[in-house]
>>> print(open('model00.txt').read())   # compact mmCIF, C-alpha atoms and all ligand atoms
# COMPACT_ATOMS: atom_id res chain seq x y z
CA MET A 1 92.53 131.08 115.49
CA SER A 2 93.93 134.60 115.75
CA ASP A 3 92.19 137.50 114.04
CA LEU A 4 94.90 137.68 111.36
CA ASP A 5 94.87 133.91 110.80
CA ALA A 6 91.12 134.08 110.22
CA PHE A 7 91.65 137.01 107.84
CA ILE A 8 94.25 134.99 105.88
CA ALA A 9 91.94 131.96 105.74
CA GLY A 10 89.19 133.85 103.94
CA LEU A 11 91.35 136.14 101.79
CA PRO A 12 90.93 135.36 98.07
CA LYS A 13 94.34 134.63 96.57
CA ALA A 14 96.28 133.16 93.66
CA GLU A 15 99.24 130.82 93.92
CA LEU A 16 101.94 131.52 91.32
CA HIS A 17 104.83 129.30 92.44
CA LEU A 18 103.92 125.68 92.94
CA HIS A 19 105.70 122.60 91.61
CA LEU A 20 103.11 119.87 91.16
CA GLU A 21 105.73 117.23 91.92
CA GLY A 22 106.39 119.15 95.14
CA SER A 23 102.80 118.67 96.26
CA PHE A 24 103.29 114.88 96.37
CA GLU A 25 102.34 114.04 99.97
CA PRO A 26 103.93 110.94 101.53
CA GLU A 27 100.51 109.30 102.05
CA GLN A 28 99.75 109.65 98.36
CA MET A 29 103.26 108.47 97.48
CA PHE A 30 102.64 105.22 99.37
CA ALA A 31 99.20 104.76 97.79
CA ILE A 32 100.50 105.29 94.25
CA ALA A 33 103.61 103.16 94.85
CA ARG A 34 101.34 100.32 96.02
CA ARG A 35 99.09 100.72 92.97
CA ASN A 36 102.10 100.72 90.61
CA LYS A 37 103.94 97.98 92.51
CA ALA A 38 106.86 100.40 92.77
CA VAL A 39 109.43 100.10 95.52
CA ILE A 40 110.18 103.17 97.65
CA PRO A 41 113.13 103.37 100.02
CA PHE A 42 110.96 104.18 103.06
CA LYS A 43 108.94 101.99 105.43
CA SER A 44 106.41 104.55 106.62
CA VAL A 45 105.02 108.04 106.16
CA GLU A 46 106.81 109.02 109.38
CA GLU A 47 110.12 107.81 107.95
CA VAL A 48 109.55 109.86 104.82
CA ARG A 49 108.78 113.01 106.79
CA ALA A 50 111.82 112.45 108.98
CA ALA A 51 113.98 112.41 105.84
CA TYR A 52 112.75 115.89 104.90
CA ARG A 53 115.56 117.80 106.57
CA PHE A 54 117.60 119.78 104.09
CA SER A 55 120.62 122.01 104.37
CA ASN A 56 120.38 123.42 100.85
CA LEU A 57 118.49 123.19 97.56
CA GLN A 58 120.43 120.18 96.24
CA ASP A 59 119.71 118.13 99.37
CA PHE A 60 116.02 118.62 98.69
CA LEU A 61 116.21 118.04 94.93
CA ASP A 62 117.89 114.65 95.41
CA ILE A 63 114.95 113.31 97.41
CA TYR A 64 112.34 115.17 95.34
CA TYR A 65 113.45 113.56 92.06
CA GLN A 66 113.59 110.15 93.72
CA SER A 67 109.99 110.45 94.97
CA ALA A 68 108.76 111.50 91.52
CA ASN A 69 109.92 108.11 90.15
CA VAL A 70 106.75 106.58 91.58
CA LEU A 71 104.57 108.55 89.14
CA LEU A 72 103.94 106.42 86.05
CA THR A 73 100.43 106.72 84.64
CA GLU A 74 98.09 109.48 83.49
CA GLN A 75 95.93 108.66 86.52
CA ASP A 76 98.92 109.28 88.81
CA PHE A 77 99.46 112.77 87.39
CA TYR A 78 95.73 113.42 87.51
CA ASP A 79 95.53 112.35 91.18
CA LEU A 80 98.60 114.40 92.14
CA THR A 81 97.16 117.54 90.56
CA PHE A 82 93.60 117.05 91.78
CA ALA A 83 94.81 116.47 95.36
CA TYR A 84 96.67 119.80 95.25
CA LEU A 85 93.59 121.65 93.97
CA THR A 86 91.37 120.00 96.59
CA ARG A 87 93.78 121.11 99.29
CA VAL A 88 94.12 124.73 98.19
CA ALA A 89 90.41 125.17 97.56
CA ALA A 90 90.24 125.15 101.39
CA ASP A 91 92.82 128.00 101.47
CA ARG A 92 90.55 130.23 99.36
CA VAL A 93 92.90 129.97 96.39
CA ARG A 94 90.95 131.14 93.31
CA HIS A 95 93.63 130.83 90.63
CA VAL A 96 96.84 128.80 90.27
CA GLU A 97 99.81 128.93 87.92
CA VAL A 98 101.55 125.61 88.42
CA PHE A 99 104.88 124.16 87.28
CA PHE A 100 105.62 120.69 86.04
CA ASP A 101 109.02 119.17 85.20
CA PRO A 102 108.50 116.93 82.14
CA GLN A 103 112.17 115.94 81.88
CA THR A 104 112.00 114.27 85.30
CA HIS A 105 109.47 111.88 83.80
CA THR A 106 110.43 111.53 80.12
CA ALA A 107 114.03 110.67 81.15
CA ARG A 108 112.68 107.50 82.80
CA GLY A 109 110.38 106.49 79.95
CA VAL A 110 107.09 108.15 80.95
CA SER A 111 105.73 109.94 77.89
CA PHE A 112 105.09 113.67 77.74
CA ALA A 113 101.46 112.85 76.86
CA VAL A 114 100.91 110.82 80.04
CA VAL A 115 102.24 113.66 82.19
CA ALA A 116 100.60 116.60 80.44
CA ASP A 117 97.22 114.98 79.80
CA GLY A 118 96.87 113.79 83.40
CA ILE A 119 97.67 117.26 84.72
CA LEU A 120 95.46 119.09 82.21
CA LYS A 121 92.44 116.87 82.90
CA ALA A 122 92.77 117.50 86.64
CA LEU A 123 93.11 121.26 86.10
CA ALA A 124 89.89 121.23 84.03
CA ASP A 125 88.07 119.17 86.67
CA GLY A 126 89.44 121.46 89.41
CA GLU A 127 87.90 124.46 87.72
CA ARG A 128 84.55 122.67 87.42
CA GLU A 129 84.62 121.36 90.98
CA PHE A 130 86.15 124.27 92.90
CA GLY A 131 86.03 127.23 90.50
CA ILE A 132 89.83 127.45 90.60
CA THR A 133 91.19 128.73 87.28
CA SER A 134 94.67 127.71 86.21
CA LYS A 135 97.65 128.16 83.92
CA LEU A 136 100.24 125.47 83.34
CA ILE A 137 103.96 126.28 83.13
CA LEU A 138 106.49 123.84 81.69
CA CYS A 139 109.80 124.03 83.56
CA PHE A 140 113.16 123.09 82.10
CA LEU A 141 115.65 121.44 84.45
CA ARG A 142 118.65 123.74 84.48
CA HIS A 143 121.14 121.04 85.53
CA LEU A 144 120.51 119.40 82.12
CA SER A 145 121.73 120.80 78.80
CA GLU A 146 120.01 123.43 76.69
CA ALA A 147 119.83 120.81 73.91
CA ASP A 148 117.71 118.65 76.25
CA ALA A 149 115.47 121.65 77.01
CA LEU A 150 115.07 122.33 73.27
CA ALA A 151 114.14 118.68 72.63
CA THR A 152 111.59 118.89 75.45
CA PHE A 153 110.13 122.06 74.01
CA LYS A 154 109.80 120.36 70.62
CA ARG A 155 108.06 117.41 72.26
CA ALA A 156 105.62 119.84 73.92
CA GLU A 157 104.56 121.38 70.60
CA PRO A 158 101.14 119.64 70.33
CA TRP A 159 100.26 120.93 73.84
CA LEU A 160 101.39 124.54 73.44
CA ASN A 161 97.82 125.82 73.13
CA ARG A 162 97.26 124.49 76.68
CA ILE A 163 100.59 125.56 78.18
CA ALA A 164 100.76 129.20 79.29
CA GLY A 165 104.48 129.55 79.77
CA VAL A 166 107.90 128.10 80.43
CA GLY A 167 110.08 128.24 83.53
CA LEU A 168 113.51 127.22 84.72
CA ASP A 169 114.12 125.25 87.91
CA SER A 170 116.41 122.73 89.66
CA SER A 171 120.03 123.35 90.78
CA GLU A 172 120.65 127.07 90.32
CA VAL A 173 124.31 127.75 91.14
CA GLY A 174 126.53 126.92 88.16
CA HIS A 175 123.56 126.89 85.78
CA PRO A 176 122.90 130.56 84.99
CA PRO A 177 119.98 131.76 82.86
CA SER A 178 122.47 132.52 80.03
CA LYS A 179 122.66 128.75 79.43
CA PHE A 180 119.05 128.79 78.16
CA THR A 181 118.77 131.82 75.86
CA ARG A 182 117.88 129.83 72.72
CA VAL A 183 115.08 127.81 74.28
CA TYR A 184 113.62 130.99 75.80
CA ASP A 185 113.85 132.66 72.38
CA ALA A 186 111.85 129.73 70.96
CA ALA A 187 109.24 129.92 73.73
CA ARG A 188 108.89 133.69 73.27
CA ALA A 189 108.48 133.22 69.51
CA ALA A 190 105.69 130.72 70.27
CA GLY A 191 103.87 133.41 72.29
CA LEU A 192 104.42 131.83 75.70
CA LYS A 193 104.90 133.65 79.00
CA LEU A 194 108.37 133.38 80.51
CA VAL A 195 109.40 132.89 84.12
CA ALA A 196 112.58 131.57 85.76
CA HIS A 197 113.84 130.70 89.22
CA ALA A 198 116.56 133.26 89.89
CA GLY A 199 118.22 134.56 93.04
CA GLU A 200 117.08 131.68 95.26
CA GLU A 201 120.63 130.44 95.95
CA GLY A 202 122.19 132.08 92.90
CA PRO A 203 123.54 135.66 93.00
CA ALA A 204 121.92 138.91 91.82
CA PRO A 205 123.69 138.72 88.39
CA TYR A 206 121.53 135.65 87.66
CA VAL A 207 118.44 137.83 88.12
CA TRP A 208 119.90 140.41 85.69
CA GLU A 209 120.49 137.60 83.18
CA ALA A 210 116.94 136.32 83.57
CA LEU A 211 115.67 139.83 82.82
CA ASP A 212 118.07 140.82 80.05
CA LEU A 213 118.83 137.54 78.30
CA LEU A 214 115.71 135.46 78.88
CA LYS A 215 113.43 138.52 78.99
CA ILE A 216 111.24 136.94 81.61
CA ASP A 217 107.82 138.25 82.69
CA ARG A 218 108.17 137.20 86.33
CA ILE A 219 110.89 136.01 88.73
CA ASP A 220 110.56 132.94 90.92
CA HIS A 221 112.07 133.65 94.36
CA GLY A 222 114.38 136.59 93.58
CA ASN A 223 115.56 136.93 97.20
CA ARG A 224 119.14 137.73 96.28
CA SER A 225 117.99 140.72 94.21
CA LEU A 226 118.09 142.67 97.46
CA ASP A 227 121.91 142.48 97.38
CA ASP A 228 121.87 144.93 94.45
CA ASP A 229 120.23 148.38 94.79
CA LYS A 230 120.21 149.00 91.02
CA LEU A 231 118.42 145.71 90.47
CA VAL A 232 115.85 146.52 93.15
CA ALA A 233 115.20 149.89 91.50
CA ARG A 234 114.65 148.20 88.15
CA LEU A 235 112.34 145.52 89.54
CA ALA A 236 110.28 148.21 91.27
CA ARG A 237 110.19 150.49 88.22
CA GLU A 238 109.18 147.67 85.85
CA ARG A 239 106.75 146.17 88.37
CA ILE A 240 108.29 142.72 88.03
CA THR A 241 106.51 140.18 90.20
CA LEU A 242 108.54 138.05 92.60
CA THR A 243 107.01 134.72 93.60
CA VAL A 244 108.40 134.46 97.12
CA CYS A 245 108.24 131.21 99.13
CA PRO A 246 108.87 131.81 102.85
CA LEU A 247 108.71 128.24 104.24
CA SER A 248 110.76 126.94 101.31
CA ASN A 249 113.39 129.59 102.05
CA LEU A 250 113.45 128.49 105.68
CA LYS A 251 113.61 124.73 104.95
CA LEU A 252 116.34 125.15 102.29
CA CYS A 253 118.35 127.49 104.54
CA VAL A 254 118.02 130.47 102.18
CA VAL A 255 117.12 132.31 105.40
CA LYS A 256 118.24 131.21 108.89
CA ASP A 257 115.04 132.27 110.59
CA LEU A 258 111.70 133.50 109.25
CA LYS A 259 112.30 136.65 111.31
CA ASP A 260 115.12 137.39 108.83
CA HIS A 261 112.87 136.85 105.81
CA PRO A 262 113.05 139.74 103.30
CA LEU A 263 109.33 139.72 102.40
CA ARG A 264 108.38 142.87 104.29
CA ARG A 265 111.51 144.65 103.08
CA MET A 266 110.55 143.74 99.52
CA LEU A 267 107.13 145.37 100.01
CA GLN A 268 108.70 148.45 101.61
CA LEU A 269 111.07 148.76 98.63
CA GLY A 270 108.05 148.82 96.31
CA LEU A 271 108.57 145.32 94.90
CA ARG A 272 105.57 143.30 93.77
CA ALA A 273 106.14 140.34 96.08
CA THR A 274 103.71 137.44 96.41
CA VAL A 275 103.48 134.53 98.89
CA ASN A 276 103.62 130.93 97.62
CA SER A 277 104.35 127.43 98.84
CA ASP A 278 106.86 126.09 96.22
CA ASP A 279 106.85 122.40 97.31
CA PRO A 280 104.28 122.19 100.11
CA ALA A 281 104.59 118.45 100.74
CA TYR A 282 108.28 118.93 101.54
CA PHE A 283 108.43 122.32 103.24
CA GLY A 284 105.74 122.05 105.86
CA GLY A 285 102.83 123.91 104.43
CA TYR A 286 100.48 125.13 101.74
CA VAL A 287 99.95 128.74 100.80
CA ASN A 288 97.98 129.76 103.89
CA ASP A 289 100.58 128.10 106.13
CA ASN A 290 103.15 130.32 104.40
CA PHE A 291 100.99 133.42 104.93
CA ARG A 292 100.45 132.58 108.60
CA ALA A 293 104.08 131.76 109.36
CA VAL A 294 105.52 134.85 107.71
CA THR A 295 102.80 137.10 109.18
CA LYS A 296 103.67 135.88 112.66
CA ALA A 297 107.43 136.13 112.14
CA LEU A 298 107.42 139.60 110.58
CA GLY A 299 104.32 141.07 112.21
CA LEU A 300 102.64 141.76 108.88
CA THR A 301 99.54 143.94 109.00
CA LYS A 302 96.13 143.43 107.40
CA ALA A 303 97.02 146.11 104.85
CA GLU A 304 100.20 144.20 103.91
CA LEU A 305 98.22 140.96 103.59
CA VAL A 306 95.78 142.70 101.25
CA THR A 307 98.71 143.99 99.17
CA LEU A 308 100.18 140.48 98.97
CA ALA A 309 96.85 138.98 97.87
CA LYS A 310 96.35 141.73 95.28
CA ASN A 311 99.91 141.21 94.04
CA SER A 312 99.14 137.53 93.46
CA PHE A 313 96.47 138.46 90.90
CA LEU A 314 98.34 141.47 89.49
CA GLY A 315 101.36 139.24 88.90
CA SER A 316 99.33 136.44 87.35
CA PHE A 317 98.91 135.77 83.64
CA LEU A 318 95.15 136.35 83.83
CA ASP A 319 93.72 138.99 81.51
CA ASP A 320 92.90 142.46 82.82
CA ASP A 321 89.16 141.82 83.29
CA ASP A 322 89.79 138.74 85.40
CA LYS A 323 92.42 140.57 87.44
CA ALA A 324 89.98 143.43 88.08
CA ARG A 325 87.28 140.98 89.17
CA HIS A 326 89.61 139.33 91.70
CA LEU A 327 90.87 142.69 93.02
CA THR A 328 87.28 143.77 93.60
CA ALA A 329 86.62 140.54 95.50
CA ILE A 330 89.62 141.26 97.74
CA ASP A 331 88.42 144.81 98.43
CA PHE A 332 84.94 143.50 99.22
CA TYR A 333 86.38 140.89 101.59
CA ALA A 334 88.72 143.37 103.31
CA ALA A 335 85.91 145.92 103.77
CA GLY A 336 83.82 143.32 105.61
CA ASN A 337 86.70 142.07 107.78
N1 LIG B 401 112.22 122.43 91.95
C1 LIG B 401 111.28 122.28 92.88
N2 LIG B 401 111.42 123.21 93.84
C2 LIG B 401 112.46 123.98 93.48
C3 LIG B 401 113.09 125.11 94.05
N3 LIG B 401 112.69 125.66 95.19
N4 LIG B 401 114.17 125.63 93.42
C4 LIG B 401 114.59 125.09 92.28
N5 LIG B 401 114.05 124.04 91.71
C5 LIG B 401 112.98 123.48 92.30
ZN ZN B 402 110.29 126.62 92.96
>>> encode(input="model00.txt", output="structure tokens", more="lines below")
Ligand code: ADE
Ligand code: ZN
Amino acid sequence: MSDLDAFIAGLPKAELHLHLEGSFEPEQMFAIARRNKAVIPFKSVEEVRAAYRFSNLQDFLDIYYQSANVLLTEQDFYDLTFAYLTRVAADRVRHVEVFFDPQTHTARGVSFAVVADGILKALADGEREFGITSKLILCFLRHLSEADALATFKRAEPWLNRIAGVGLDSSEVGHPPSKFTRVYDAARAAGLKLVAHAGEEGPAPYVWEALDLLKIDRIDHGNRSLDDDKLVARLARERITLTVCPLSNLKLCVVKDLKDHPLRRMLQLGLRATVNSDDPAYFGGYVNDNFRAVTKALGLTKAELVTLAKNSFLGSFLDDDDKARHLTAIDFYAAGN
């Protein structure tokens, strides 16, 4: 292991952009399909992995939604979530803010309660077992209507004391943030945090809309913001966190090569960028794999890695005392390494 890889391995960090359904590893998919007597259109784990070659976001989403069909019971959602926490405990992840897509499941007859309760129980057990704290973020599927998002938000009402925020994901182009102003107004009125995928494949004006119309607290991806100098200046001035996902960007052809990845440029422009895995089971790696790959491709320094780890806590929805505690732990770690 190189010096920097070892440094990454032990660096305390938070993960702020992770779709639980995207952490569904093929081995677990087969095990759960067998348990549920569900049929999957693959013969082996190798065949599944071979199918994970995408030329854009939609290519990936088609297979991602199909795989999620295997998840039926509260135990399935528990196992999915607990497996993710077990995996990232080994990456020295201390806090996670994770997405789930309830509409993917309720549309096929799985109740909101089954999904949310399974996930929440695993998050509680993960904190007990590994000391990983968590926040849960309910994502609306942007290819569906705002009426569907509003109905989903209504269904979530009994869980809102255990849900930290709402997000917006799925097919971006053609489904701008402006489509979801009313449901974001409702979530804001309920005191929830607000995030949205913006500027992954969609243009910089989508990021403006997420800021001005949805009034989001954090941007997921945000790569295309760099096309617009005024937007960059605003993001820097307002210290808006970007949850950047290098291996996802590579696998979905948002960047051609990791050497072209804008992460370092974002830091140099004063943006609060963070490193995350997005859908690790599909994109070839968990958060430390993302750190290692982008560090190698861009030649990131220890100081930049420390900034990225600090940004992950600064950009989190933890309270100020918890943030301060994690920042101190990073300084302590960096001083000894
Ligand atoms: N759902 C899961 N991963 C996603 C991504 N990278 N972009 C949009 N929607 C998603
Ligand atoms: Zn995402």
>>> residues_around(input="model00.txt", residues="stretch 101-117 of chain A", least_positions_apart="2", cutoff="10 Å", atoms="only C-alpha atoms", output="number ranges by chain")
A: 19-21, 65-66, 68-78, 99, 119-123, 136-141, 144, 148-149, 151-153, 155-156, 158-159, 162-163, 167-170
>>> residues_around(input="model00.txt", residues="A:Phe42", least_positions_apart="4", cutoff="10 Å", atoms="only C-alpha atoms", output="PDB file with C-alpha atoms, in the frame of the given file")
ATOM      1  CA  PRO A  26     103.930 110.940 101.530  1.00  0.00           C
ATOM      2  CA  PHE A  30     102.640 105.220  99.370  1.00  0.00           C
ATOM      3  CA  GLU A  46     106.810 109.020 109.380  1.00  0.00           C
ATOM      4  CA  GLU A  47     110.120 107.810 107.950  1.00  0.00           C
ATOM      5  CA  VAL A  48     109.550 109.860 104.820  1.00  0.00           C
ATOM      6  CA  ARG A  49     108.780 113.010 106.790  1.00  0.00           C
ATOM      7  CA  ALA A  51     113.980 112.410 105.840  1.00  0.00           C
TER       8      ALA A  51
END
>>> closest_residue(input="model00.txt", among="A:His175, A:Ile32, A:Val88, A:His221", to="A:Asp289", atoms="all atoms listed in the file")
A:Val88
>>> closest_residue(input="model00.txt", among="A:Ser316, A:Ser44, A:Ser67, A:Ser225", to="A:Leu269", atoms="only C-alpha atoms")
A:Ser225
>>> closest_residue(input="model00.txt", among="A:Asp278, A:Glu129, A:Asp319, A:Glu238", to="ligand LIG 401 (chain B)", atoms="all atoms listed in the file")
A:Asp278
>>> closest_residue(input="model00.txt", among="A:Leu214, A:Val232, A:Ala334, A:Ala50", to="A:Phe283", atoms="all atoms listed in the file")
A:Ala50
>>> residues_around(input="model00.txt", residues="A:Val275", least_positions_apart="4", cutoff="8 Å", atoms="all atoms listed in the file", output="list in words")
Glu15, Thr243, Val244, Cys245, Pro246, Val287, Asn290, Phe291, Leu308 and Ser312 of chain A
>>> write_last_selection(input="model00.txt", atoms="C-alpha atoms", output="short mmCIF file (atom, residue, chain, number, x, y, z; two decimals), in the frame of the given file")
data_model
loop_
_atom_site.label_atom_id
_atom_site.label_comp_id
_atom_site.auth_asym_id
_atom_site.auth_seq_id
_atom_site.Cartn_x
_atom_site.Cartn_y
_atom_site.Cartn_z
CA GLU A 15 99.24 130.82 93.92
CA THR A 243 107.01 134.72 93.60
CA VAL A 244 108.40 134.46 97.12
CA CYS A 245 108.24 131.21 99.13
CA PRO A 246 108.87 131.81 102.85
CA VAL A 287 99.95 128.74 100.80
CA ASN A 290 103.15 130.32 104.40
CA PHE A 291 100.99 133.42 104.93
CA LEU A 308 100.18 140.48 98.97
CA SER A 312 99.14 137.53 93.46
#
>>> atom_distance(input="model00.txt", atom1="atom CA of A:Ala9", atom2="atom CA of A:Ala124")
24.3 Å
>>> build_atoms(input="model00.txt", residues="stretch 204-217 of chain A", atoms="N, CA, C and O atoms", output="mmCIF file, in the frame of the given file")
data_model
loop_
_atom_site.group_PDB
_atom_site.id
_atom_site.type_symbol
_atom_site.label_atom_id
_atom_site.label_comp_id
_atom_site.auth_asym_id
_atom_site.auth_seq_id
_atom_site.Cartn_x
_atom_site.Cartn_y
_atom_site.Cartn_z
ATOM 1 N N ALA A 204 122.697 137.887 92.533
ATOM 2 C CA ALA A 204 121.920 138.910 91.820
ATOM 3 C C ALA A 204 122.207 138.937 90.307
ATOM 4 O O ALA A 204 121.273 139.151 89.521
ATOM 5 N N PRO A 205 123.470 138.719 89.851
ATOM 6 C CA PRO A 205 123.690 138.720 88.390
ATOM 7 C C PRO A 205 122.827 137.688 87.644
ATOM 8 O O PRO A 205 122.506 137.887 86.465
ATOM 9 N N TYR A 206 122.413 136.625 88.312
ATOM 10 C CA TYR A 206 121.530 135.650 87.660
ATOM 11 C C TYR A 206 120.145 136.282 87.407
ATOM 12 O O TYR A 206 119.466 135.942 86.449
ATOM 13 N N VAL A 207 119.730 137.157 88.306
ATOM 14 C CA VAL A 207 118.440 137.830 88.120
ATOM 15 C C VAL A 207 118.544 138.807 86.941
ATOM 16 O O VAL A 207 117.649 138.869 86.095
ATOM 17 N N TRP A 208 119.676 139.526 86.860
ATOM 18 C CA TRP A 208 119.900 140.410 85.690
ATOM 19 C C TRP A 208 119.833 139.599 84.400
ATOM 20 O O TRP A 208 119.216 140.015 83.417
ATOM 21 N N GLU A 209 120.496 138.442 84.398
ATOM 22 C CA GLU A 209 120.490 137.600 83.180
ATOM 23 C C GLU A 209 119.080 137.144 82.826
ATOM 24 O O GLU A 209 118.704 137.118 81.653
ATOM 25 N N ALA A 210 118.319 136.766 83.836
ATOM 26 C CA ALA A 210 116.940 136.320 83.570
ATOM 27 C C ALA A 210 116.135 137.445 82.922
ATOM 28 O O ALA A 210 115.341 137.215 82.007
ATOM 29 N N LEU A 211 116.389 138.676 83.380
ATOM 30 C CA LEU A 211 115.670 139.830 82.820
ATOM 31 C C LEU A 211 116.180 140.177 81.420
ATOM 32 O O LEU A 211 115.392 140.369 80.497
ATOM 33 N N ASP A 212 117.491 140.258 81.286
ATOM 34 C CA ASP A 212 118.070 140.820 80.050
ATOM 35 C C ASP A 212 118.256 139.784 78.952
ATOM 36 O O ASP A 212 118.136 140.121 77.773
ATOM 37 N N LEU A 213 118.571 138.559 79.320
ATOM 38 C CA LEU A 213 118.830 137.540 78.300
ATOM 39 C C LEU A 213 117.596 136.685 78.031
ATOM 40 O O LEU A 213 117.272 136.391 76.892
ATOM 41 N N LEU A 214 116.911 136.293 79.087
ATOM 42 C CA LEU A 214 115.710 135.460 78.880
ATOM 43 C C LEU A 214 114.471 136.320 78.693
ATOM 44 O O LEU A 214 113.450 135.836 78.222
ATOM 45 N N LYS A 215 114.551 137.573 79.114
ATOM 46 C CA LYS A 215 113.430 138.520 78.990
ATOM 47 C C LYS A 215 112.159 137.983 79.654
ATOM 48 O O LYS A 215 111.071 137.961 79.071
ATOM 49 N N ILE A 216 112.334 137.572 80.872
ATOM 50 C CA ILE A 216 111.240 136.940 81.610
ATOM 51 C C ILE A 216 110.165 137.957 82.039
ATOM 52 O O ILE A 216 110.431 139.148 82.194
ATOM 53 N N ASP A 217 108.958 137.433 82.245
ATOM 54 C CA ASP A 217 107.820 138.250 82.690
ATOM 55 C C ASP A 217 107.700 138.276 84.208
ATOM 56 O O ASP A 217 106.964 139.111 84.759
#
